[in-house]
>>> print(open('query.tsv').read())   # TSV, C-alpha atoms and all ligand atoms
chain	number	residue	atom	x	y	z
L	6	MET	CA	-78.56	-41.98	-4.73
L	7	GLU	CA	-78.22	-45.17	-2.72
L	8	ARG	CA	-75.30	-45.36	-0.38
L	9	PRO	CA	-72.77	-47.95	-1.56
L	10	ARG	CA	-72.92	-51.02	0.65
L	11	ILE	CA	-69.78	-52.23	2.47
L	12	HIS	CA	-70.15	-55.71	3.89
L	13	ILE	CA	-67.93	-56.33	6.93
L	14	GLY	CA	-67.37	-59.85	8.29
L	15	TRP	CA	-66.26	-60.50	11.87
L	16	LEU	CA	-64.76	-63.93	12.41
L	17	TYR	CA	-65.29	-65.66	15.78
L	18	PRO	CA	-66.45	-62.55	17.70
L	19	GLU	CA	-66.93	-64.57	20.91
L	20	TYR	CA	-63.50	-66.21	20.81
L	21	MET	CA	-61.19	-63.82	19.00
L	22	ASN	CA	-61.68	-60.45	20.67
L	23	LEU	CA	-58.90	-59.30	23.00
L	24	TYR	CA	-57.88	-55.89	24.38
L	25	GLY	CA	-60.70	-54.06	22.68
L	26	ASP	CA	-60.32	-55.50	19.18
L	27	ARG	CA	-64.07	-55.02	18.85
L	28	GLY	CA	-63.28	-51.30	18.66
L	29	ASN	CA	-62.05	-51.96	15.13
L	30	ILE	CA	-65.57	-52.95	14.07
L	31	ILE	CA	-66.95	-49.76	15.63
L	32	VAL	CA	-64.40	-47.66	13.73
L	33	LEU	CA	-64.99	-49.42	10.41
L	34	THR	CA	-68.76	-49.01	10.63
L	35	GLN	CA	-68.68	-45.42	11.90
L	36	ARG	CA	-66.07	-44.23	9.39
L	37	SER	CA	-67.97	-45.99	6.62
L	38	ARG	CA	-71.09	-44.00	7.56
L	39	TRP	CA	-69.10	-40.76	7.66
L	40	HIS	CA	-67.78	-41.62	4.19
L	41	GLY	CA	-71.37	-41.95	2.93
L	42	LEU	CA	-71.37	-45.75	2.77
L	43	ASP	CA	-73.89	-48.27	4.09
L	44	PRO	CA	-72.00	-50.69	6.39
L	45	VAL	CA	-73.43	-54.09	7.29
L	46	VAL	CA	-71.64	-56.31	9.85
L	47	THR	CA	-72.05	-60.09	9.82
L	48	PRO	CA	-70.48	-62.30	12.50
L	49	VAL	CA	-69.10	-65.65	11.34
L	50	ARG	CA	-69.21	-68.14	14.18
L	51	MET	CA	-67.92	-71.57	15.05
L	52	GLY	CA	-69.60	-74.25	12.92
L	53	GLU	CA	-71.00	-71.78	10.39
L	54	SER	CA	-69.87	-72.09	6.82
L	55	ALA	CA	-69.18	-68.83	5.09
L	56	ASP	CA	-68.55	-67.68	1.58
L	57	PHE	CA	-65.86	-65.10	2.34
L	58	ALA	CA	-65.87	-63.77	-1.24
L	59	ARG	CA	-69.16	-62.01	-0.52
L	60	PHE	CA	-67.54	-59.86	2.19
L	61	ASP	CA	-65.74	-56.63	1.39
L	62	LEU	CA	-63.74	-56.45	4.61
L	63	LEU	CA	-63.00	-59.02	7.31
L	64	LEU	CA	-61.80	-58.60	10.90
L	65	ILE	CA	-60.11	-61.41	12.82
L	66	GLY	CA	-59.30	-60.23	16.35
L	67	GLY	CA	-56.77	-61.57	18.82
L	68	GLY	CA	-57.20	-64.54	21.11
L	69	GLN	CA	-55.21	-66.33	23.76
L	70	ASP	CA	-53.63	-69.72	23.08
L	71	ARG	CA	-56.67	-71.41	24.63
L	72	GLU	CA	-59.18	-69.74	22.30
L	73	GLN	CA	-56.92	-70.40	19.34
L	74	SER	CA	-56.79	-74.12	20.06
L	75	LEU	CA	-60.59	-74.18	20.51
L	76	ILE	CA	-61.30	-72.71	17.08
L	77	ALA	CA	-58.35	-74.21	15.15
L	78	GLU	CA	-60.14	-77.27	13.80
L	79	ASP	CA	-63.23	-75.35	12.72
L	80	PHE	CA	-61.03	-72.69	11.16
L	81	VAL	CA	-58.91	-75.08	9.12
L	82	GLN	CA	-61.73	-77.36	8.02
L	83	VAL	CA	-64.68	-75.04	7.59
L	84	LYS	CA	-63.31	-71.55	6.98
L	85	VAL	CA	-59.89	-71.77	5.34
L	86	PRO	CA	-60.74	-73.04	1.84
L	87	SER	CA	-63.12	-70.14	1.16
L	88	LEU	CA	-61.00	-67.61	3.08
L	89	ALA	CA	-57.83	-68.50	1.19
L	90	ASP	CA	-59.57	-67.95	-2.16
L	91	ALA	CA	-61.05	-64.63	-1.02
L	92	ILE	CA	-57.68	-63.34	0.23
L	93	GLU	CA	-56.12	-64.33	-3.09
L	94	ASP	CA	-58.96	-62.45	-4.81
L	95	GLY	CA	-58.12	-59.29	-2.84
L	96	LEU	CA	-60.49	-59.39	0.13
L	97	ALA	CA	-59.50	-56.64	2.58
L	98	VAL	CA	-58.59	-58.29	5.90
L	99	LEU	CA	-57.40	-56.95	9.25
L	100	ALA	CA	-56.03	-59.80	11.38
L	101	VAL	CA	-54.79	-58.90	14.86
L	102	CYS	CA	-52.31	-60.87	16.97
L	103	GLY	CA	-53.85	-64.33	17.50
L	104	GLY	CA	-55.87	-63.74	14.32
L	105	TYR	CA	-52.70	-62.77	12.47
L	106	GLN	CA	-50.98	-65.95	13.67
L	107	MET	CA	-53.91	-67.97	12.28
L	108	LEU	CA	-53.15	-66.82	8.75
L	109	GLY	CA	-49.79	-68.59	9.03
L	110	LYS	CA	-48.78	-72.24	9.09
L	111	TYR	CA	-48.70	-72.98	12.80
L	112	PHE	CA	-48.32	-71.69	16.33
L	113	LYS	CA	-46.13	-73.63	18.73
L	114	THR	CA	-47.20	-72.64	22.25
L	115	HIS	CA	-44.89	-72.27	25.26
L	116	THR	CA	-46.09	-75.70	26.48
L	117	GLY	CA	-44.95	-77.27	23.20
L	118	GLU	CA	-48.44	-77.76	21.74
L	119	LEU	CA	-48.46	-77.40	17.98
L	120	ILE	CA	-51.60	-75.66	16.71
L	121	ARG	CA	-51.84	-76.06	12.95
L	122	PHE	CA	-53.37	-73.10	11.20
L	123	SER	CA	-54.27	-72.11	7.67
L	124	GLY	CA	-50.93	-71.73	5.92
L	125	ILE	CA	-52.69	-69.12	3.77
L	126	LEU	CA	-49.60	-66.97	4.25
L	127	ASP	CA	-46.02	-68.21	4.41
L	128	LEU	CA	-45.38	-67.32	8.04
L	129	TRP	CA	-45.10	-69.23	11.30
L	130	THR	CA	-45.08	-68.53	15.04
L	131	GLU	CA	-43.27	-70.04	18.01
L	132	ALA	CA	-43.77	-68.94	21.60
L	133	GLY	CA	-40.86	-67.67	23.63
L	134	ARG	CA	-40.53	-67.76	27.40
L	135	GLU	CA	-41.14	-64.07	27.94
L	136	ARG	CA	-44.24	-62.31	26.71
L	137	MET	CA	-43.76	-59.22	24.62
L	138	ILE	CA	-45.94	-56.59	26.24
L	139	GLY	CA	-46.19	-52.85	25.83
L	140	ASN	CA	-46.92	-49.94	23.57
L	141	CYS	CA	-45.54	-50.18	20.08
L	142	VAL	CA	-44.71	-47.63	17.39
L	143	ILE	CA	-43.87	-48.65	13.84
L	144	GLU	CA	-43.15	-46.89	10.55
L	145	SER	CA	-45.00	-48.17	7.51
L	146	ASP	CA	-44.71	-47.46	3.78
L	147	LEU	CA	-48.22	-48.75	3.11
L	148	PHE	CA	-49.68	-45.31	2.50
L	149	GLY	CA	-47.50	-44.06	-0.35
L	150	GLY	CA	-45.16	-42.27	2.05
L	151	THR	CA	-43.92	-43.28	5.46
L	152	ARG	CA	-46.51	-43.01	8.23
L	153	THR	CA	-46.43	-44.17	11.83
L	154	ILE	CA	-48.82	-46.78	13.23
L	155	VAL	CA	-49.26	-47.06	17.00
L	156	GLY	CA	-50.78	-49.78	19.18
L	157	PHE	CA	-50.45	-52.09	22.14
L	158	GLU	CA	-48.96	-55.57	21.92
L	159	ASN	CA	-49.15	-58.55	24.28
L	160	HIS	CA	-48.02	-61.91	22.89
L	161	SER	CA	-45.76	-64.84	23.56
L	162	GLY	CA	-45.57	-65.80	19.89
L	163	ARG	CA	-42.61	-64.83	17.74
L	164	THR	CA	-43.66	-64.66	14.11
L	165	PHE	CA	-41.32	-65.06	11.16
L	166	LEU	CA	-42.17	-64.19	7.56
L	167	GLY	CA	-41.22	-66.32	4.57
L	168	LYS	CA	-39.09	-64.68	1.90
L	169	GLY	CA	-41.91	-63.52	-0.37
L	170	LEU	CA	-43.79	-61.58	2.30
L	171	ARG	CA	-43.32	-57.96	3.29
L	172	PRO	CA	-43.87	-56.65	6.80
L	173	LEU	CA	-46.42	-53.96	7.62
L	174	GLY	CA	-43.66	-51.81	9.08
L	175	ARG	CA	-40.37	-51.34	10.91
L	176	VAL	CA	-40.37	-51.25	14.70
L	177	VAL	CA	-39.44	-47.89	16.19
L	178	LYS	CA	-40.48	-48.79	19.73
L	179	GLY	CA	-41.61	-52.19	21.03
L	180	TYR	CA	-41.16	-55.79	19.85
L	181	GLY	CA	-43.20	-56.38	16.69
L	182	ASN	CA	-43.15	-59.75	14.96
L	183	ASN	CA	-40.45	-61.40	17.03
L	184	GLY	CA	-38.43	-58.87	19.04
L	185	SER	CA	-35.33	-59.55	16.98
L	186	ASP	CA	-35.60	-58.48	13.32
L	187	ARG	CA	-37.45	-55.16	13.88
L	188	THR	CA	-40.28	-56.12	11.54
L	189	GLU	CA	-43.94	-55.78	12.51
L	190	GLY	CA	-46.91	-57.45	10.88
L	191	VAL	CA	-47.45	-58.48	7.30
L	192	VAL	CA	-49.06	-57.16	4.13
L	193	TYR	CA	-50.23	-59.51	1.39
L	194	LYS	CA	-52.46	-58.05	-1.33
L	195	ASN	CA	-55.25	-56.35	0.72
L	196	THR	CA	-54.64	-58.40	3.86
L	197	VAL	CA	-52.93	-56.81	6.86
L	198	GLY	CA	-51.72	-58.88	9.80
L	199	THR	CA	-50.41	-57.09	12.88
L	200	TYR	CA	-49.65	-57.64	16.56
L	201	LEU	CA	-51.14	-54.27	17.43
L	202	HIS	CA	-54.25	-54.18	19.57
L	203	GLY	CA	-55.35	-51.07	21.32
L	204	SER	CA	-57.69	-51.22	19.47
L	205	ILE	CA	-55.53	-50.28	16.51
L	206	LEU	CA	-57.97	-48.48	14.18
L	207	PRO	CA	-59.25	-45.66	16.46
L	208	LYS	CA	-55.70	-44.31	16.78
L	209	ASN	CA	-54.70	-45.04	13.17
L	210	PRO	CA	-57.47	-43.66	10.94
L	211	HIS	CA	-55.16	-43.84	7.89
L	212	LEU	CA	-55.07	-47.64	8.28
L	213	ALA	CA	-58.86	-47.81	8.67
L	214	ASP	CA	-59.35	-45.79	5.47
L	215	TRP	CA	-56.75	-47.84	3.60
L	216	LEU	CA	-58.77	-50.98	4.40
L	217	ILE	CA	-62.08	-49.34	3.48
L	218	GLN	CA	-60.74	-48.03	0.15
L	219	ARG	CA	-59.21	-51.41	-0.74
L	220	ALA	CA	-62.53	-53.05	0.05
L	221	LEU	CA	-64.40	-50.58	-2.18
L	222	ASP	CA	-61.91	-50.95	-5.04
L	223	ARG	CA	-62.44	-54.70	-5.11
L	224	ARG	CA	-66.25	-54.39	-4.96
L	225	TYR	CA	-66.83	-51.36	-7.20
L	226	GLY	CA	-63.80	-51.51	-9.51
L	227	GLY	CA	-62.50	-48.03	-8.62
L	228	GLN	CA	-65.92	-46.32	-9.01
L	229	VAL	CA	-66.30	-45.38	-5.32
L	230	LYS	CA	-63.61	-43.20	-3.72
L	231	ILE	CA	-63.65	-41.99	-0.11
L	232	GLY	CA	-62.42	-38.53	0.83
L	233	ALA	CA	-60.58	-37.21	3.86
L	234	LEU	CA	-62.37	-36.86	7.20
L	235	ASN	CA	-61.49	-34.56	10.07
L	236	ASP	CA	-59.14	-36.78	12.08
L	237	ASP	CA	-57.83	-34.18	14.53
L	238	LEU	CA	-59.05	-36.09	17.58
L	239	GLU	CA	-57.84	-39.47	16.31
L	240	MET	CA	-54.42	-38.03	15.47
L	241	ARG	CA	-54.16	-36.43	18.91
L	242	ALA	CA	-54.45	-39.91	20.40
L	243	HIS	CA	-51.91	-41.17	17.87
L	244	GLU	CA	-49.43	-38.37	18.60
L	245	ALA	CA	-49.87	-38.73	22.36
L	246	ILE	CA	-48.61	-42.30	22.18
L	247	ILE	CA	-45.62	-41.32	20.07
L	248	ALA	CA	-44.81	-38.45	22.47
L	249	ARG	CA	-44.87	-40.81	25.45
L	250	PHE	CA	-43.42	-43.99	24.02
L	251	GLY	CA	-42.08	-43.45	20.49
L	252	LYS	CA	-38.69	-42.55	19.03
B	301	LIG	N1	-51.93	-66.44	21.99
B	301	LIG	C1	-51.10	-65.65	21.20
B	301	LIG	C2	-49.77	-65.28	21.81
B	301	LIG	O1	-49.66	-65.08	23.01
B	301	LIG	C3	-51.86	-64.41	20.79
B	301	LIG	C4	-52.18	-63.47	21.90
B	301	LIG	C5	-52.98	-62.29	21.47
B	301	LIG	O2	-53.80	-62.39	20.55
B	301	LIG	N2	-52.80	-61.17	22.16
B	301	LIG	O3	-48.82	-65.19	21.08
>>> encode(input="query.tsv", output="structure tokens", more="lines below")
Ligand code: GLN
Amino acid sequence: MERPRIHIGWLYPEYMNLYGDRGNIIVLTQRSRWHGLDPVVTPVRMGESADFARFDLLLIGGGQDREQSLIAEDFVQVKVPSLADAIEDGLAVLAVCGGYQMLGKYFKTHTGELIRFSGILDLWTEAGRERMIGNCVIESDLFGGTRTIVGFENHSGRTFLGKGLRPLGRVVKGYGNNGSDRTEGVVYKNTVGTYLHGSILPKNPHLADWLIQRALDRRYGGQVKIGALNDDLEMRAHEAIIARFGK
């Protein structure tokens, strides 16, 4: 039997790729193979038009303010119309830090520059004077029971969610969305935004598999289900961070 294809898009790999966010692509492709799938990765670059509906899963990594302002115009004009429709249609998306901020309305930098973004999600970001840097532990109800998610954050932006949006989790240790309301990240349909780099997926295999399963459900209408893998090594890395920095 042919292996079911999973088509992974990677937006602005040269610009939006901080603190090892590329590791998320490695995890998604390797876990897909272990799950018996056939992963294909397609970069989507500056100037290229893309029909995001044809992807099953999309990664947008983090980027500094400078990279964000370089891609902003291309993003809003060339990518957003198709991306907004695909997200509404249930495209599985992992957007990290600067990439997460791009799903919102705007980012006001610490120099006062206003970078207008997609407004796909009702959230917005304003930089504070101090950067929020360090290891982060959150608790999330995404997985039908509370599970921890661990990662590393480094951002000046404080993100606030509009009323209709739910966060990815509650901050146990670290700053999260804004350092004040104890929320971290966002979940909208099959889109996850988060401040957690690290990269995040190697240490949180449950999040990787959640994204893969959501992607498959949209593509194959519930016909393709992934099973459990042996995640002992991944969970040792996860637990080591909680032992050192969590709770
Ligand atoms: N430039 C953004 C900020 O500092 C995002 C940084 C990042 O992606 N790590 O808030």
>>> closest_residue(input="query.tsv", among="L:Pro207, L:Glu72, L:Asn182, L:Gly167", to="Gln35 in chain L", atoms="all atoms listed in the file")
L:Pro207
>>> closest_residue(input="query.tsv", among="L:Ala97, L:Leu23, L:Ile217, L:Ala248", to="ligand LIG 301 (chain B)", atoms="only C-alpha atoms and all ligand atoms")
L:Leu23
>>> closest_residue(input="query.tsv", among="L:Leu75, L:Leu147, L:Arg136, L:Gly162", to="Tyr111 in chain L", atoms="only C-alpha atoms")
L:Gly162
>>> atom_distance(input="query.tsv", atom1="CA of Ala58 in chain L", atom2="CA of Gly156 in chain L")
29.0 Å
>>> closest_atom_pairs(input="query.tsv", of="chain L", to="ligand LIG 301 (chain B)", cutoff="6 Å", atoms="only C-alpha atoms and all ligand atoms", output="Markdown table")
| residue | atom | partner | partner_atom | distance |
| --- | --- | --- | --- | --- |
| L:Gly67 | CA | B:LIG301 | O2 | 3.5 |
| L:Gly68 | CA | B:LIG301 | O2 | 4.1 |
| L:Gln69 | CA | B:LIG301 | N1 | 3.7 |
| L:Asp70 | CA | B:LIG301 | N1 | 3.9 |
| L:Cys102 | CA | B:LIG301 | O2 | 4.2 |
| L:Gly103 | CA | B:LIG301 | O2 | 3.6 |
| L:Asn159 | CA | B:LIG301 | N2 | 5.0 |
| L:His160 | CA | B:LIG301 | O1 | 3.6 |
| L:Ser161 | CA | B:LIG301 | O1 | 3.9 |
| L:Gly162 | CA | B:LIG301 | O3 | 3.5 |
>>> atom_distance(input="query.tsv", atom1="CA of Gly14 in chain L", atom2="CA of Thr47 in chain L")
4.9 Å
>>> residues_around(input="query.tsv", residues="Asn183 in chain L", least_positions_apart="2", cutoff="12 Å", atoms="only C-alpha atoms", output="number ranges by chain")
L: 102, 106, 128-133, 135-138, 158-166, 172, 175-176, 179-181, 185-190, 199-200
>>> closest_residue(input="query.tsv", among="L:Gly251, L:Gly117, L:Pro44, L:Gly66", to="Glu19 in chain L", atoms="all atoms listed in the file")
L:Gly66
>>> closest_residue(input="query.tsv", among="L:Val85, L:Ala242, L:Ile30, L:Leu216", to="Gly124 in chain L", atoms="only C-alpha atoms")
L:Val85
>>> closest_atom_pairs(input="query.tsv", of="range 53-132 of chain L", to="range 220-228 of chain L", cutoff="8 Å", atoms="all atoms listed in the file", output="tab-separated table")
residue	atom	partner	partner_atom	distance
L:Asp61	CA	L:Ala220	CA	5.0
L:Leu62	CA	L:Ala220	CA	5.8
L:Gly95	CA	L:Arg223	CA	6.7
L:Leu96	CA	L:Ala220	CA	6.7
L:Ala97	CA	L:Ala220	CA	5.3
>>> residues_near_point(input="query.tsv", point="(-45.4, -44.8, 3.9)", cutoff="12 Å", atoms="only C-alpha atoms", output="MDAnalysis selection string")
chainID L and resid 143:154 173:175 211:212 215
>>> closest_residue(input="query.tsv", among="L:His12, L:Arg36, L:Lys178, L:Lys168", to="Asp236 in chain L", atoms="all atoms listed in the file")
L:Arg36
>>> residues_around(input="query.tsv", residues="Asn209 in chain L", least_positions_apart="5", cutoff="8 Å", atoms="all atoms listed in the file", output="list in words")
Ile154, Val155, Glu239, Met240 and His243 of chain L
>>> residues_around(input="query.tsv", residues="Val197 in chain L", least_positions_apart="3", cutoff="7 Å", atoms="only C-alpha atoms", output="list in words")
Val98, Leu99, Ala100, Val191, Val192 and Tyr193 of chain L
>>> write_last_selection(input="query.tsv", atoms="C-alpha atoms", output="compact mmCIF listing (two decimals), in the frame of the given file")
# COMPACT_ATOMS: atom_id res chain seq x y z
CA VAL L 98 -58.59 -58.29 5.90
CA LEU L 99 -57.40 -56.95 9.25
CA ALA L 100 -56.03 -59.80 11.38
CA VAL L 191 -47.45 -58.48 7.30
CA VAL L 192 -49.06 -57.16 4.13
CA TYR L 193 -50.23 -59.51 1.39
>>> decode(input="query.tsv", residues="range 61-100 of chain L", atoms="N, CA and C atoms", output="mmCIF file, in the first residue's frame")
data_model
loop_
_atom_site.group_PDB
_atom_site.id
_atom_site.type_symbol
_atom_site.label_atom_id
_atom_site.label_comp_id
_atom_site.auth_asym_id
_atom_site.auth_seq_id
_atom_site.Cartn_x
_atom_site.Cartn_y
_atom_site.Cartn_z
ATOM 1 N N ASP L 61 -0.613 20.364 3.957
ATOM 2 C CA ASP L 61 -1.292 19.720 5.078
ATOM 3 C C ASP L 61 -0.847 20.329 6.396
ATOM 4 N N LEU L 62 0.391 20.832 6.413
ATOM 5 C CA LEU L 62 0.962 21.368 7.644
ATOM 6 C C LEU L 62 1.915 22.501 7.251
ATOM 7 N N LEU L 63 1.927 23.571 8.020
ATOM 8 C CA LEU L 63 2.784 24.708 7.685
ATOM 9 C C LEU L 63 3.578 25.138 8.910
ATOM 10 N N LEU L 64 4.887 25.377 8.729
ATOM 11 C CA LEU L 64 5.708 25.943 9.796
ATOM 12 C C LEU L 64 6.082 27.383 9.449
ATOM 13 N N ILE L 65 5.881 28.272 10.411
ATOM 14 C CA ILE L 65 6.427 29.633 10.318
ATOM 15 C C ILE L 65 7.310 29.792 11.555
ATOM 16 N N GLY L 66 8.618 29.917 11.331
ATOM 17 C CA GLY L 66 9.552 30.030 12.453
ATOM 18 C C GLY L 66 9.634 31.459 12.964
ATOM 19 N N GLY L 67 10.516 31.658 13.934
ATOM 20 C CA GLY L 67 10.693 32.974 14.530
ATOM 21 C C GLY L 67 11.649 33.837 13.729
ATOM 22 N N GLY L 68 11.576 35.136 13.937
ATOM 23 C CA GLY L 68 12.503 36.055 13.287
ATOM 24 C C GLY L 68 12.614 37.324 14.107
ATOM 25 N N GLN L 69 13.762 37.948 14.026
ATOM 26 C CA GLN L 69 13.937 39.217 14.743
ATOM 27 C C GLN L 69 13.113 40.316 14.077
ATOM 28 N N ASP L 70 12.998 41.453 14.767
ATOM 29 C CA ASP L 70 12.218 42.572 14.233
ATOM 30 C C ASP L 70 12.655 42.903 12.803
ATOM 31 N N ARG L 71 13.962 42.866 12.564
ATOM 32 C CA ARG L 71 14.490 43.244 11.257
ATOM 33 C C ARG L 71 13.958 42.313 10.164
ATOM 34 N N GLU L 72 14.034 41.024 10.397
ATOM 35 C CA GLU L 72 13.527 40.064 9.391
ATOM 36 C C GLU L 72 12.019 40.249 9.209
ATOM 37 N N GLN L 73 11.335 40.487 10.309
ATOM 38 C CA GLN L 73 9.880 40.663 10.214
ATOM 39 C C GLN L 73 9.531 41.852 9.337
ATOM 40 N N SER L 74 10.272 42.959 9.505
ATOM 41 C CA SER L 74 9.926 44.121 8.684
ATOM 42 C C SER L 74 10.315 43.901 7.225
ATOM 43 N N LEU L 75 11.338 43.051 6.978
ATOM 44 C CA LEU L 75 11.719 42.758 5.590
ATOM 45 C C LEU L 75 10.659 41.928 4.857
ATOM 46 N N ILE L 76 10.009 41.025 5.569
ATOM 47 C CA ILE L 76 9.051 40.152 4.868
ATOM 48 C C ILE L 76 7.604 40.649 4.962
ATOM 49 N N ALA L 77 7.360 41.676 5.793
ATOM 50 C CA ALA L 77 5.972 42.062 6.107
ATOM 51 C C ALA L 77 5.135 42.365 4.863
ATOM 52 N N GLU L 78 5.710 43.137 3.945
ATOM 53 C CA GLU L 78 4.914 43.543 2.783
ATOM 54 C C GLU L 78 4.568 42.327 1.903
ATOM 55 N N ASP L 79 5.584 41.508 1.666
ATOM 56 C CA ASP L 79 5.344 40.296 0.861
ATOM 57 C C ASP L 79 4.310 39.409 1.543
ATOM 58 N N PHE L 80 4.437 39.302 2.867
ATOM 59 C CA PHE L 80 3.513 38.442 3.615
ATOM 60 C C PHE L 80 2.076 38.922 3.458
ATOM 61 N N VAL L 81 1.874 40.210 3.726
ATOM 62 C CA VAL L 81 0.502 40.737 3.710
ATOM 63 C C VAL L 81 -0.086 40.710 2.295
ATOM 64 N N GLN L 82 0.729 41.076 1.319
ATOM 65 C CA GLN L 82 0.173 41.203 -0.038
ATOM 66 C C GLN L 82 0.108 39.887 -0.804
ATOM 67 N N VAL L 83 1.131 39.064 -0.631
ATOM 68 C CA VAL L 83 1.210 37.859 -1.480
ATOM 69 C C VAL L 83 0.702 36.600 -0.769
ATOM 70 N N LYS L 84 0.961 36.506 0.540
ATOM 71 C CA LYS L 84 0.684 35.242 1.223
ATOM 72 C C LYS L 84 -0.651 35.235 1.979
ATOM 73 N N VAL L 85 -1.001 36.349 2.591
ATOM 74 C CA VAL L 85 -2.105 36.337 3.559
ATOM 75 C C VAL L 85 -3.468 35.922 2.986
ATOM 76 N N PRO L 86 -3.856 36.394 1.795
ATOM 77 C CA PRO L 86 -5.204 36.005 1.353
ATOM 78 C C PRO L 86 -5.391 34.484 1.303
ATOM 79 N N SER L 87 -4.416 33.789 0.717
ATOM 80 C CA SER L 87 -4.520 32.327 0.608
ATOM 81 C C SER L 87 -4.329 31.661 1.977
ATOM 82 N N LEU L 88 -3.407 32.208 2.786
ATOM 83 C CA LEU L 88 -3.142 31.613 4.101
ATOM 84 C C LEU L 88 -4.360 31.744 5.021
ATOM 85 N N ALA L 89 -4.999 32.887 4.982
ATOM 86 C CA ALA L 89 -6.176 33.106 5.841
ATOM 87 C C ALA L 89 -7.270 32.088 5.510
ATOM 88 N N ASP L 90 -7.506 31.865 4.219
ATOM 89 C CA ASP L 90 -8.526 30.891 3.817
ATOM 90 C C ASP L 90 -8.152 29.478 4.275
ATOM 91 N N ALA L 91 -6.873 29.138 4.121
ATOM 92 C CA ALA L 91 -6.433 27.783 4.493
ATOM 93 C C ALA L 91 -6.554 27.561 6.000
ATOM 94 N N ILE L 92 -6.197 28.563 6.785
ATOM 95 C CA ILE L 92 -6.322 28.439 8.248
ATOM 96 C C ILE L 92 -7.796 28.266 8.625
ATOM 97 N N GLU L 93 -8.644 29.017 7.971
ATOM 98 C CA GLU L 93 -10.087 28.916 8.232
ATOM 99 C C GLU L 93 -10.596 27.526 7.850
ATOM 100 N N ASP L 94 -9.968 26.940 6.829
ATOM 101 C CA ASP L 94 -10.349 25.608 6.351
ATOM 102 C C ASP L 94 -9.737 24.489 7.194
ATOM 103 N N GLY L 95 -8.909 24.861 8.197
ATOM 104 C CA GLY L 95 -8.363 23.843 9.094
ATOM 105 C C GLY L 95 -6.946 23.403 8.796
ATOM 106 N N LEU L 96 -6.212 24.175 8.002
ATOM 107 C CA LEU L 96 -4.787 23.864 7.801
ATOM 108 C C LEU L 96 -4.087 23.782 9.164
ATOM 109 N N ALA L 97 -3.259 22.749 9.360
ATOM 110 C CA ALA L 97 -2.473 22.657 10.595
ATOM 111 C C ALA L 97 -1.262 23.575 10.462
ATOM 112 N N VAL L 98 -1.095 24.471 11.423
ATOM 113 C CA VAL L 98 -0.009 25.458 11.375
ATOM 114 C C VAL L 98 0.711 25.480 12.720
ATOM 115 N N LEU L 99 2.045 25.512 12.680
ATOM 116 C CA LEU L 99 2.834 25.822 13.866
ATOM 117 C C LEU L 99 3.565 27.124 13.575
ATOM 118 N N ALA L 100 3.239 28.168 14.336
ATOM 119 C CA ALA L 100 3.858 29.486 14.145
ATOM 120 C C ALA L 100 4.589 29.844 15.439
#
